[in-house]
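Text of coords-v4.cif (mmCIF, N, CA and C atoms) as supplied:
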```
data_upload
#
loop_
_atom_site.group_PDB
_atom_site.id
_atom_site.type_symbol
_atom_site.label_atom_id
_atom_site.label_comp_id
_atom_site.auth_asym_id
_atom_site.auth_seq_id
_atom_site.Cartn_x
_atom_site.Cartn_y
_atom_site.Cartn_z
ATOM 1 N N MET A 160 -2.447 12.122 -9.688
ATOM 2 C CA MET A 160 -1.975 10.886 -9.111
ATOM 3 C C MET A 160 -1.403 11.220 -7.733
ATOM 4 N N TYR A 161 -1.686 10.333 -6.778
ATOM 5 C CA TYR A 161 -1.257 10.531 -5.400
ATOM 6 C C TYR A 161 -0.397 9.348 -4.953
ATOM 7 N N VAL A 162 0.645 9.650 -4.203
ATOM 8 C CA VAL A 162 1.550 8.631 -3.682
ATOM 9 C C VAL A 162 1.094 8.302 -2.264
ATOM 10 N N ILE A 163 0.719 7.052 -2.049
ATOM 11 C CA ILE A 163 0.185 6.637 -0.756
ATOM 12 C C ILE A 163 1.017 5.482 -0.214
ATOM 13 N N ARG A 164 1.436 5.629 1.029
ATOM 14 C CA ARG A 164 2.220 4.586 1.689
ATOM 15 C C ARG A 164 1.274 3.697 2.490
ATOM 16 N N VAL A 165 1.464 2.393 2.369
ATOM 17 C CA VAL A 165 0.615 1.408 3.045
ATOM 18 C C VAL A 165 1.494 0.477 3.871
ATOM 19 N N ARG A 166 1.016 0.137 5.047
ATOM 20 C CA ARG A 166 1.703 -0.850 5.899
ATOM 21 C C ARG A 166 0.655 -1.777 6.485
ATOM 22 N N LEU A 167 0.856 -3.062 6.272
ATOM 23 C CA LEU A 167 0.026 -4.084 6.900
ATOM 24 C C LEU A 167 0.935 -4.974 7.726
ATOM 25 N N GLU A 168 0.410 -5.461 8.843
ATOM 26 C CA GLU A 168 1.159 -6.363 9.706
ATOM 27 C C GLU A 168 0.261 -7.520 10.094
ATOM 28 N N THR A 169 0.875 -8.618 10.466
ATOM 29 C CA THR A 169 0.070 -9.751 10.929
ATOM 30 C C THR A 169 -0.614 -9.364 12.229
ATOM 31 N N ALA A 170 -1.746 -9.985 12.492
ATOM 32 C CA ALA A 170 -2.568 -9.627 13.646
ATOM 33 C C ALA A 170 -1.948 -10.038 14.969
ATOM 34 N N GLY A 171 -0.839 -10.682 14.971
ATOM 35 C CA GLY A 171 -0.187 -11.146 16.193
ATOM 36 C C GLY A 171 0.125 -12.622 16.056
ATOM 37 N N GLY A 172 1.007 -13.083 16.876
ATOM 38 C CA GLY A 172 1.402 -14.478 16.760
ATOM 39 C C GLY A 172 2.305 -14.676 15.571
ATOM 40 N N PRO A 173 2.455 -15.906 15.139
ATOM 41 C CA PRO A 173 3.361 -16.180 14.019
ATOM 42 C C PRO A 173 2.794 -15.634 12.712
ATOM 43 N N PRO A 174 3.667 -15.352 11.754
ATOM 44 C CA PRO A 174 3.191 -14.891 10.450
ATOM 45 C C PRO A 174 2.268 -15.928 9.815
ATOM 46 N N PRO A 175 1.410 -15.488 8.883
ATOM 47 C CA PRO A 175 0.518 -16.434 8.218
ATOM 48 C C PRO A 175 1.281 -17.594 7.600
ATOM 49 N N VAL A 176 0.668 -18.758 7.599
ATOM 50 C CA VAL A 176 1.300 -19.945 7.035
ATOM 51 C C VAL A 176 1.568 -19.739 5.551
ATOM 52 N N ARG A 177 0.636 -19.106 4.868
ATOM 53 C CA ARG A 177 0.731 -18.892 3.436
ATOM 54 C C ARG A 177 1.379 -17.530 3.169
ATOM 55 N N PRO A 178 2.634 -17.486 2.696
ATOM 56 C CA PRO A 178 3.249 -16.193 2.417
ATOM 57 C C PRO A 178 2.496 -15.464 1.297
ATOM 58 N N VAL A 179 2.525 -14.155 1.345
ATOM 59 C CA VAL A 179 1.833 -13.349 0.350
ATOM 60 C C VAL A 179 2.857 -12.783 -0.619
ATOM 61 N N ALA A 180 2.650 -13.011 -1.891
ATOM 62 C CA ALA A 180 3.562 -12.512 -2.921
ATOM 63 C C ALA A 180 3.159 -11.092 -3.315
ATOM 64 N N ALA A 181 4.143 -10.270 -3.628
ATOM 65 C CA ALA A 181 3.885 -8.889 -4.026
ATOM 66 C C ALA A 181 2.957 -8.824 -5.243
ATOM 67 N N ALA A 182 3.173 -9.705 -6.206
ATOM 68 C CA ALA A 182 2.331 -9.708 -7.411
ATOM 69 C C ALA A 182 0.877 -10.019 -7.075
ATOM 70 N N THR A 183 0.657 -10.897 -6.109
ATOM 71 C CA THR A 183 -0.705 -11.231 -5.686
ATOM 72 C C THR A 183 -1.385 -10.017 -5.085
ATOM 73 N N VAL A 184 -0.666 -9.276 -4.262
ATOM 74 C CA VAL A 184 -1.228 -8.073 -3.634
ATOM 75 C C VAL A 184 -1.535 -7.024 -4.686
ATOM 76 N N ARG A 185 -0.622 -6.802 -5.613
ATOM 77 C CA ARG A 185 -0.830 -5.811 -6.676
ATOM 78 C C ARG A 185 -2.062 -6.160 -7.512
ATOM 79 N N ASP A 186 -2.173 -7.407 -7.924
ATOM 80 C CA ASP A 186 -3.329 -7.835 -8.709
ATOM 81 C C ASP A 186 -4.625 -7.664 -7.932
ATOM 82 N N ALA A 187 -4.599 -8.011 -6.645
ATOM 83 C CA ALA A 187 -5.801 -7.887 -5.818
ATOM 84 C C ALA A 187 -6.193 -6.426 -5.651
ATOM 85 N N LEU A 188 -5.234 -5.544 -5.447
ATOM 86 C CA LEU A 188 -5.541 -4.120 -5.316
ATOM 87 C C LEU A 188 -6.150 -3.571 -6.604
ATOM 88 N N GLU A 189 -5.595 -3.955 -7.740
ATOM 89 C CA GLU A 189 -6.151 -3.501 -9.021
ATOM 90 C C GLU A 189 -7.595 -3.968 -9.189
ATOM 91 N N ARG A 190 -7.885 -5.165 -8.690
ATOM 92 C CA ARG A 190 -9.221 -5.749 -8.851
ATOM 93 C C ARG A 190 -10.251 -5.108 -7.920
ATOM 94 N N VAL A 191 -9.880 -4.806 -6.665
ATOM 95 C CA VAL A 191 -10.882 -4.357 -5.690
ATOM 96 C C VAL A 191 -10.943 -2.847 -5.501
ATOM 97 N N LEU A 192 -9.966 -2.115 -5.969
ATOM 98 C CA LEU A 192 -10.012 -0.656 -5.829
ATOM 99 C C LEU A 192 -11.160 -0.112 -6.671
ATOM 100 N N ARG A 193 -12.047 0.622 -6.038
ATOM 101 C CA ARG A 193 -13.280 1.086 -6.672
ATOM 102 C C ARG A 193 -13.137 2.488 -7.254
ATOM 103 N N GLU A 194 -13.906 2.734 -8.306
ATOM 104 C CA GLU A 194 -13.984 4.071 -8.892
ATOM 105 C C GLU A 194 -14.461 5.035 -7.830
ATOM 106 N N PRO A 195 -13.997 6.228 -7.780
ATOM 107 C CA PRO A 195 -13.212 6.904 -8.814
ATOM 108 C C PRO A 195 -11.713 6.688 -8.691
ATOM 109 N N ALA A 196 -11.262 5.944 -7.688
ATOM 110 C CA ALA A 196 -9.830 5.704 -7.530
ATOM 111 C C ALA A 196 -9.386 4.549 -8.420
ATOM 112 N N ARG A 197 -8.136 4.647 -8.887
ATOM 113 C CA ARG A 197 -7.579 3.609 -9.750
ATOM 114 C C ARG A 197 -6.089 3.472 -9.446
ATOM 115 N N LEU A 198 -5.624 2.228 -9.328
ATOM 116 C CA LEU A 198 -4.214 1.971 -9.068
ATOM 117 C C LEU A 198 -3.436 2.089 -10.371
ATOM 118 N N ASP A 199 -2.497 3.015 -10.417
ATOM 119 C CA ASP A 199 -1.641 3.147 -11.595
ATOM 120 C C ASP A 199 -0.481 2.161 -11.509
ATOM 121 N N HIS A 200 0.213 2.172 -10.406
ATOM 122 C CA HIS A 200 1.240 1.169 -10.159
ATOM 123 C C HIS A 200 1.582 1.175 -8.673
ATOM 124 N N ALA A 201 2.300 0.155 -8.256
ATOM 125 C CA ALA A 201 2.650 0.027 -6.847
ATOM 126 C C ALA A 201 3.982 -0.696 -6.710
ATOM 127 N N ARG A 202 4.716 -0.303 -5.698
ATOM 128 C CA ARG A 202 5.935 -1.010 -5.301
ATOM 129 C C ARG A 202 5.603 -1.680 -3.986
ATOM 130 N N ILE A 203 5.728 -2.990 -3.938
ATOM 131 C CA ILE A 203 5.305 -3.756 -2.766
ATOM 132 C C ILE A 203 6.460 -4.622 -2.288
ATOM 133 N N ARG A 204 6.683 -4.583 -0.981
ATOM 134 C CA ARG A 204 7.711 -5.419 -0.367
ATOM 135 C C ARG A 204 7.058 -6.219 0.757
ATOM 136 N N THR A 205 7.238 -7.524 0.705
ATOM 137 C CA THR A 205 6.687 -8.380 1.754
ATOM 138 C C THR A 205 7.826 -8.983 2.566
ATOM 139 N N ALA A 206 7.545 -9.190 3.833
ATOM 140 C CA ALA A 206 8.486 -9.826 4.752
ATOM 141 C C ALA A 206 7.644 -10.620 5.738
ATOM 142 N N PRO A 207 8.245 -11.539 6.470
ATOM 143 C CA PRO A 207 7.461 -12.273 7.466
ATOM 144 C C PRO A 207 6.806 -11.292 8.450
ATOM 145 N N GLY A 208 5.501 -11.280 8.459
ATOM 146 C CA GLY A 208 4.754 -10.454 9.397
ATOM 147 C C GLY A 208 4.535 -9.016 8.994
ATOM 148 N N ALA A 209 5.035 -8.578 7.827
ATOM 149 C CA ALA A 209 4.862 -7.184 7.411
ATOM 150 C C ALA A 209 4.761 -7.079 5.898
ATOM 151 N N LEU A 210 4.010 -6.089 5.465
ATOM 152 C CA LEU A 210 3.872 -5.782 4.052
ATOM 153 C C LEU A 210 3.908 -4.267 3.933
ATOM 154 N N ASP A 211 4.840 -3.759 3.147
ATOM 155 C CA ASP A 211 4.953 -2.325 2.906
ATOM 156 C C ASP A 211 4.755 -2.068 1.420
ATOM 157 N N ALA A 212 4.026 -1.001 1.126
ATOM 158 C CA ALA A 212 3.776 -0.663 -0.265
ATOM 159 C C ALA A 212 3.760 0.847 -0.444
ATOM 160 N N VAL A 213 4.137 1.262 -1.638
ATOM 161 C CA VAL A 213 3.958 2.630 -2.073
ATOM 162 C C VAL A 213 3.081 2.520 -3.313
ATOM 163 N N ALA A 214 1.872 3.044 -3.194
ATOM 164 C CA ALA A 214 0.895 2.936 -4.280
ATOM 165 C C ALA A 214 0.700 4.301 -4.935
ATOM 166 N N PHE A 215 0.655 4.288 -6.247
ATOM 167 C CA PHE A 215 0.382 5.494 -7.020
ATOM 168 C C PHE A 215 -1.061 5.370 -7.499
ATOM 169 N N VAL A 216 -1.929 6.209 -6.927
ATOM 170 C CA VAL A 216 -3.370 6.090 -7.134
ATOM 171 C C VAL A 216 -3.892 7.329 -7.843
ATOM 172 N N SER A 217 -4.616 7.126 -8.938
ATOM 173 C CA SER A 217 -5.305 8.218 -9.612
ATOM 174 C C SER A 217 -6.699 8.335 -9.026
ATOM 175 N N ALA A 218 -7.090 9.560 -8.719
ATOM 176 C CA ALA A 218 -8.408 9.829 -8.147
ATOM 177 C C ALA A 218 -8.671 11.325 -8.306
ATOM 178 N N PRO A 219 -9.942 11.737 -8.154
ATOM 179 C CA PRO A 219 -10.247 13.162 -8.287
ATOM 180 C C PRO A 219 -9.633 14.026 -7.181
ATOM 181 N N GLY A 220 -9.249 13.429 -6.075
ATOM 182 C CA GLY A 220 -8.656 14.180 -4.986
ATOM 183 C C GLY A 220 -7.921 13.248 -4.037
ATOM 184 N N LEU A 221 -7.123 13.842 -3.178
ATOM 185 C CA LEU A 221 -6.329 13.074 -2.233
ATOM 186 C C LEU A 221 -7.189 12.236 -1.302
ATOM 187 N N LEU A 222 -8.253 12.809 -0.761
ATOM 188 C CA LEU A 222 -9.088 12.058 0.171
ATOM 189 C C LEU A 222 -9.745 10.856 -0.501
ATOM 190 N N ALA A 223 -10.155 11.009 -1.759
ATOM 191 C CA ALA A 223 -10.749 9.888 -2.499
ATOM 192 C C ALA A 223 -9.704 8.799 -2.733
ATOM 193 N N ALA A 224 -8.475 9.186 -3.018
ATOM 194 C CA ALA A 224 -7.402 8.206 -3.242
ATOM 195 C C ALA A 224 -7.105 7.439 -1.960
ATOM 196 N N GLU A 225 -6.965 8.159 -0.847
ATOM 197 C CA GLU A 225 -6.689 7.500 0.427
ATOM 198 C C GLU A 225 -7.839 6.603 0.858
ATOM 199 N N ALA A 226 -9.062 7.125 0.762
ATOM 200 C CA ALA A 226 -10.235 6.344 1.191
ATOM 201 C C ALA A 226 -10.405 5.097 0.342
ATOM 202 N N GLY A 227 -10.211 5.225 -0.964
ATOM 203 C CA GLY A 227 -10.347 4.077 -1.848
ATOM 204 C C GLY A 227 -9.328 2.999 -1.557
ATOM 205 N N LEU A 228 -8.073 3.401 -1.377
ATOM 206 C CA LEU A 228 -7.022 2.421 -1.105
ATOM 207 C C LEU A 228 -7.214 1.787 0.267
ATOM 208 N N ARG A 229 -7.615 2.584 1.245
ATOM 209 C CA ARG A 229 -7.870 2.047 2.590
ATOM 210 C C ARG A 229 -8.992 1.011 2.541
ATOM 211 N N ALA A 230 -10.079 1.326 1.856
ATOM 212 C CA ALA A 230 -11.200 0.391 1.739
ATOM 213 C C ALA A 230 -10.766 -0.893 1.028
ATOM 214 N N ALA A 231 -9.931 -0.764 0.001
ATOM 215 C CA ALA A 231 -9.451 -1.952 -0.719
ATOM 216 C C ALA A 231 -8.599 -2.827 0.190
ATOM 217 N N CYS A 232 -7.732 -2.224 0.983
ATOM 218 C CA CYS A 232 -6.881 -3.000 1.899
ATOM 219 C C CYS A 232 -7.713 -3.705 2.968
ATOM 220 N N VAL A 233 -8.723 -3.018 3.482
ATOM 221 C CA VAL A 233 -9.604 -3.632 4.483
ATOM 222 C C VAL A 233 -10.358 -4.804 3.860
ATOM 223 N N GLU A 234 -10.830 -4.626 2.623
ATOM 224 C CA GLU A 234 -11.535 -5.712 1.932
ATOM 225 C C GLU A 234 -10.617 -6.916 1.717
ATOM 226 N N LEU A 235 -9.373 -6.672 1.353
ATOM 227 C CA LEU A 235 -8.435 -7.767 1.106
ATOM 228 C C LEU A 235 -8.046 -8.493 2.390
ATOM 229 N N SER A 236 -8.113 -7.786 3.526
ATOM 230 C CA SER A 236 -7.743 -8.421 4.797
ATOM 231 C C SER A 236 -8.946 -9.047 5.507
ATOM 232 N N HIS A 237 -10.081 -9.085 4.830
ATOM 233 C CA HIS A 237 -11.263 -9.777 5.352
ATOM 234 C C HIS A 237 -10.905 -11.254 5.554
ATOM 235 N N PRO A 238 -11.557 -11.956 6.487
ATOM 236 C CA PRO A 238 -11.189 -13.360 6.756
ATOM 237 C C PRO A 238 -11.128 -14.279 5.526
ATOM 238 N N GLN A 239 -11.883 -13.992 4.468
ATOM 239 C CA GLN A 239 -11.806 -14.824 3.262
ATOM 240 C C GLN A 239 -10.931 -14.204 2.171
ATOM 241 N N GLY A 240 -10.313 -13.067 2.459
ATOM 242 C CA GLY A 240 -9.504 -12.378 1.461
ATOM 243 C C GLY A 240 -8.085 -12.911 1.382
ATOM 244 N N PRO A 241 -7.344 -12.498 0.368
ATOM 245 C CA PRO A 241 -5.964 -12.962 0.195
ATOM 246 C C PRO A 241 -5.023 -12.478 1.303
ATOM 247 N N LEU A 242 -5.431 -11.447 2.050
ATOM 248 C CA LEU A 242 -4.616 -10.944 3.157
ATOM 249 C C LEU A 242 -5.277 -11.222 4.505
ATOM 250 N N ALA A 243 -6.024 -12.311 4.590
ATOM 251 C CA ALA A 243 -6.668 -12.689 5.856
ATOM 252 C C ALA A 243 -5.601 -12.847 6.931
ATOM 253 N N GLY A 244 -5.869 -12.322 8.114
ATOM 254 C CA GLY A 244 -4.913 -12.402 9.204
ATOM 255 C C GLY A 244 -3.971 -11.211 9.275
ATOM 256 N N TRP A 245 -4.118 -10.265 8.353
ATOM 257 C CA TRP A 245 -3.295 -9.060 8.343
ATOM 258 C C TRP A 245 -4.136 -7.878 8.796
ATOM 259 N N LEU A 246 -3.501 -6.881 9.410
ATOM 260 C CA LEU A 246 -4.170 -5.663 9.846
ATOM 261 C C LEU A 246 -3.551 -4.454 9.159
ATOM 262 N N LEU A 247 -4.396 -3.549 8.699
ATOM 263 C CA LEU A 247 -3.925 -2.310 8.086
ATOM 264 C C LEU A 247 -3.446 -1.374 9.193
ATOM 265 N N ARG A 248 -2.191 -0.999 9.161
ATOM 266 C CA ARG A 248 -1.611 -0.125 10.184
ATOM 267 C C ARG A 248 -1.449 1.308 9.704
ATOM 268 N N HIS A 249 -1.253 1.473 8.392
ATOM 269 C CA HIS A 249 -0.966 2.808 7.867
ATOM 270 C C HIS A 249 -1.429 2.873 6.415
ATOM 271 N N CYS A 250 -2.136 3.926 6.065
ATOM 272 C CA CYS A 250 -2.552 4.136 4.680
ATOM 273 C C CYS A 250 -2.830 5.620 4.504
ATOM 274 N N GLU A 251 -1.821 6.350 4.089
ATOM 275 C CA GLU A 251 -2.021 7.785 3.865
ATOM 276 C C GLU A 251 -0.974 8.313 2.896
ATOM 277 N N ALA A 252 -1.276 9.471 2.353
ATOM 278 C CA ALA A 252 -0.383 10.093 1.381
ATOM 279 C C ALA A 252 0.962 10.377 2.025
ATOM 280 N N ASP A 253 1.992 10.277 1.231
ATOM 281 C CA ASP A 253 3.346 10.522 1.710
ATOM 282 C C ASP A 253 3.937 11.675 0.905
ATOM 283 N N SER A 254 3.910 12.861 1.483
ATOM 284 C CA SER A 254 4.364 14.039 0.750
ATOM 285 C C SER A 254 5.862 13.993 0.455
ATOM 286 N N TRP A 255 6.645 13.357 1.324
ATOM 287 C CA TRP A 255 8.077 13.238 1.057
ATOM 288 C C TRP A 255 8.337 12.446 -0.208
ATOM 289 N N LEU A 256 7.616 11.332 -0.372
ATOM 290 C CA LEU A 256 7.793 10.530 -1.589
ATOM 291 C C LEU A 256 7.285 11.292 -2.807
ATOM 292 N N ALA A 257 6.154 11.961 -2.671
ATOM 293 C CA ALA A 257 5.582 12.693 -3.800
ATOM 294 C C ALA A 257 6.533 13.776 -4.305
ATOM 295 N N LEU A 258 7.301 14.363 -3.390
ATOM 296 C CA LEU A 258 8.239 15.421 -3.764
ATOM 297 C C LEU A 258 9.633 14.899 -4.089
ATOM 298 N N GLY A 259 9.812 13.575 -3.990
ATOM 299 C CA GLY A 259 11.125 12.993 -4.284
ATOM 300 C C GLY A 259 12.152 13.250 -3.192
ATOM 301 N N LEU A 260 11.699 13.449 -1.965
ATOM 302 C CA LEU A 260 12.598 13.772 -0.857
ATOM 303 C C LEU A 260 12.813 12.607 0.093
ATOM 304 N N HIS A 261 12.540 11.392 -0.353
ATOM 305 C CA HIS A 261 12.661 10.236 0.533
ATOM 306 C C HIS A 261 14.111 9.907 0.887
ATOM 307 N N GLU A 262 15.051 10.459 0.157
ATOM 308 C CA GLU A 262 16.467 10.263 0.468
ATOM 309 C C GLU A 262 17.106 11.626 0.668
ATOM 310 N N GLN A 263 18.015 11.686 1.614
ATOM 311 C CA GLN A 263 18.725 12.941 1.852
ATOM 312 C C GLN A 263 19.705 13.189 0.692
ATOM 313 N N PRO A 264 19.796 14.427 0.256
ATOM 314 C CA PRO A 264 20.770 14.712 -0.809
ATOM 315 C C PRO A 264 22.194 14.536 -0.289
ATOM 316 N N THR A 265 23.082 14.173 -1.183
ATOM 317 C CA THR A 265 24.485 14.050 -0.804
ATOM 318 C C THR A 265 25.235 15.243 -1.353
ATOM 319 N N TYR A 266 26.049 15.827 -0.540
ATOM 320 C CA TYR A 266 26.844 16.990 -0.949
ATOM 321 C C TYR A 266 28.302 16.598 -0.946
ATOM 322 N N ARG A 267 29.030 17.037 -1.929
ATOM 323 C CA ARG A 267 30.468 16.724 -2.025
ATOM 324 C C ARG A 267 31.269 17.987 -2.050
#
```

Before anything else, please render the file you have as structure tokens.
Amino acid sequence: MYVIRVRLETAGGPPPVRPVAAATVRDALERVLREPARLDHARIRTAPGALDAVAFVSAPGLLAAEAGLRAACVELSHPQGPLAGWLLRHCEADSWLALGLHEQPTYR
């Protein structure tokens, strides 16, 4: 399983009229992600004009996981897709998250 960070932003101008719900994005990713990659789970946060996600993708290798998720995001942002008007800005493995180092340790 690979931890992949995703960032989508609106293509410019005002945010889309129709807000995108995190559950809608998760369901769409599960539906369009192609074998050999598979979405195990995802944490998705939406805001006006931005969508950030951390996706846990099972695949035979890191490149297959990244390529599969990238292709799924591009498909979803097609003009007739649920993320029409959004652009994929970032989609790659995040080694800090995979190692649990996303927060600095606190020392007392």

Record the distance separating atom N of Leu198 of chain A and atom N of Thr169 of chain A, expressed in Å with one decimal.
->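 Result for atom N of Leu198 of chain A versus atom N of Thr169 of chain A: 23.5 Å, one decimal.
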
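You will find atom C of Ala224 of chain A at 22.4 Å from atom C of Gln239 of chain A.
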
Within 6.5 Å of (-10.1, -2.4, -3.6) (coordinates as in the file), grab all the protein and nucleic acid residues, counting only N, CA and C atoms, and write them out as a PyMOL selection string.
-> chain A and resi 187-193+227-228+230-232

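Neighbours of Phe215 of chain A closer than or equal to 6 Å, with all atoms listed in the file counted and sequence neighbours fewer than 5 positions away skipped, come out as Met160, Tyr161, Val162, Ile163, Arg197, Leu198, Asp199, His200 and Ala201 of chain A.
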
Å distance separating atom CA of Ala209 of chain A from atom N of Glu168 of chain A, one decimal place |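 Interatomic distance here is 5.0 Å.
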
Nearest to Ala223 of chain A among A:Val184, A:Val165, A:Ala252, A:Leu247, with distances taken over only C-alpha atoms: which residue is it?
->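 Under the stated criterion, the closest residue is A:Ala252.
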
Please identify all polymer residues lying at most 9 Å from the point (2.6, 5.9, 6.6) (file coordinates), using only C-alpha atoms, and present the result as a PDB file with N, CA and C atoms, in the frame of the given file.
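Full text of selection.pdb as output:
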```pdb
ATOM      1  N   ILE A 163       0.719   7.052  -2.049  1.00  0.00           N
ATOM      2  CA  ILE A 163       0.185   6.637  -0.756  1.00  0.00           C
ATOM      3  C   ILE A 163       1.017   5.482  -0.214  1.00  0.00           C
ATOM      4  N   ARG A 164       1.436   5.629   1.029  1.00  0.00           N
ATOM      5  CA  ARG A 164       2.220   4.586   1.689  1.00  0.00           C
ATOM      6  C   ARG A 164       1.274   3.697   2.490  1.00  0.00           C
ATOM      7  N   VAL A 165       1.464   2.393   2.369  1.00  0.00           N
ATOM      8  CA  VAL A 165       0.615   1.408   3.045  1.00  0.00           C
ATOM      9  C   VAL A 165       1.494   0.477   3.871  1.00  0.00           C
ATOM     10  N   ARG A 166       1.016   0.137   5.047  1.00  0.00           N
ATOM     11  CA  ARG A 166       1.703  -0.850   5.899  1.00  0.00           C
ATOM     12  C   ARG A 166       0.655  -1.777   6.485  1.00  0.00           C
ATOM     13  N   ARG A 248      -2.191  -0.999   9.161  1.00  0.00           N
ATOM     14  CA  ARG A 248      -1.611  -0.125  10.184  1.00  0.00           C
ATOM     15  C   ARG A 248      -1.449   1.308   9.704  1.00  0.00           C
ATOM     16  N   HIS A 249      -1.253   1.473   8.392  1.00  0.00           N
ATOM     17  CA  HIS A 249      -0.966   2.808   7.867  1.00  0.00           C
ATOM     18  C   HIS A 249      -1.429   2.873   6.415  1.00  0.00           C
ATOM     19  N   CYS A 250      -2.136   3.926   6.065  1.00  0.00           N
ATOM     20  CA  CYS A 250      -2.552   4.136   4.680  1.00  0.00           C
ATOM     21  C   CYS A 250      -2.830   5.620   4.504  1.00  0.00           C
ATOM     22  N   GLU A 251      -1.821   6.350   4.089  1.00  0.00           N
ATOM     23  CA  GLU A 251      -2.021   7.785   3.865  1.00  0.00           C
ATOM     24  C   GLU A 251      -0.974   8.313   2.896  1.00  0.00           C
ATOM     25  N   ALA A 252      -1.276   9.471   2.353  1.00  0.00           N
ATOM     26  CA  ALA A 252      -0.383  10.093   1.381  1.00  0.00           C
ATOM     27  C   ALA A 252       0.962  10.377   2.025  1.00  0.00           C
ATOM     28  N   ASP A 253       1.992  10.277   1.231  1.00  0.00           N
ATOM     29  CA  ASP A 253       3.346  10.522   1.710  1.00  0.00           C
ATOM     30  C   ASP A 253       3.937  11.675   0.905  1.00  0.00           C
TER      31      ASP A 253
END
```

Starting from the displayed file, determine the output of the PyMOL selection byres (((chain A and resi 202-207 and name CA) around 8) and name CA) and express the residue list as a PyMOL selection string.
-> chain A and resi 174+178-181+184-185+200-201+208-214

Backbone-only DSSP, helix (DSSP H, G or I) members of chain A, as a ChimeraX atom specification = /A:181-191,221-235,254-257

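Residue nearest Val216 of chain A, chosen from A:Ala243, A:Ala182, A:Ala170, A:Ala196 and counting all atoms listed in the file: A:Ala196.
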
Where's the centre, and what are the edge lengths in Å to one decimal, of a box along x, y and z enclosing all listed atoms of segment 222-236 of chain A padded 4 Å per side, as AutoDock Vina command-line options?
```
--center_x -9.1 --center_y 1.9 --center_z 1.1 --size_x 12.8 --size_y 29.9 --size_z 16.7
```

Mind checking which residues fall within 6 Å of Pro195 of chain A, counting all atoms listed in the file, ignoring those fewer than 4 positions away in the same chain, and posting them as a PDB file with N, CA and C atoms, in the frame of the given file?
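Saved as around28.pdb:
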```
ATOM      1  N   SER A 217      -4.616   7.126  -8.938  1.00  0.00           N
ATOM      2  CA  SER A 217      -5.305   8.218  -9.612  1.00  0.00           C
ATOM      3  C   SER A 217      -6.699   8.335  -9.026  1.00  0.00           C
ATOM      4  N   ALA A 218      -7.090   9.560  -8.719  1.00  0.00           N
ATOM      5  CA  ALA A 218      -8.408   9.829  -8.147  1.00  0.00           C
ATOM      6  C   ALA A 218      -8.671  11.325  -8.306  1.00  0.00           C
ATOM      7  N   PRO A 219      -9.942  11.737  -8.154  1.00  0.00           N
ATOM      8  CA  PRO A 219     -10.247  13.162  -8.287  1.00  0.00           C
ATOM      9  C   PRO A 219      -9.633  14.026  -7.181  1.00  0.00           C
TER      10      PRO A 219
END
```

DSSP strand (DSSP E) residues within chain A, as a PyMOL selection string = chain A and resi 161-169+197-206+209-217+245-252
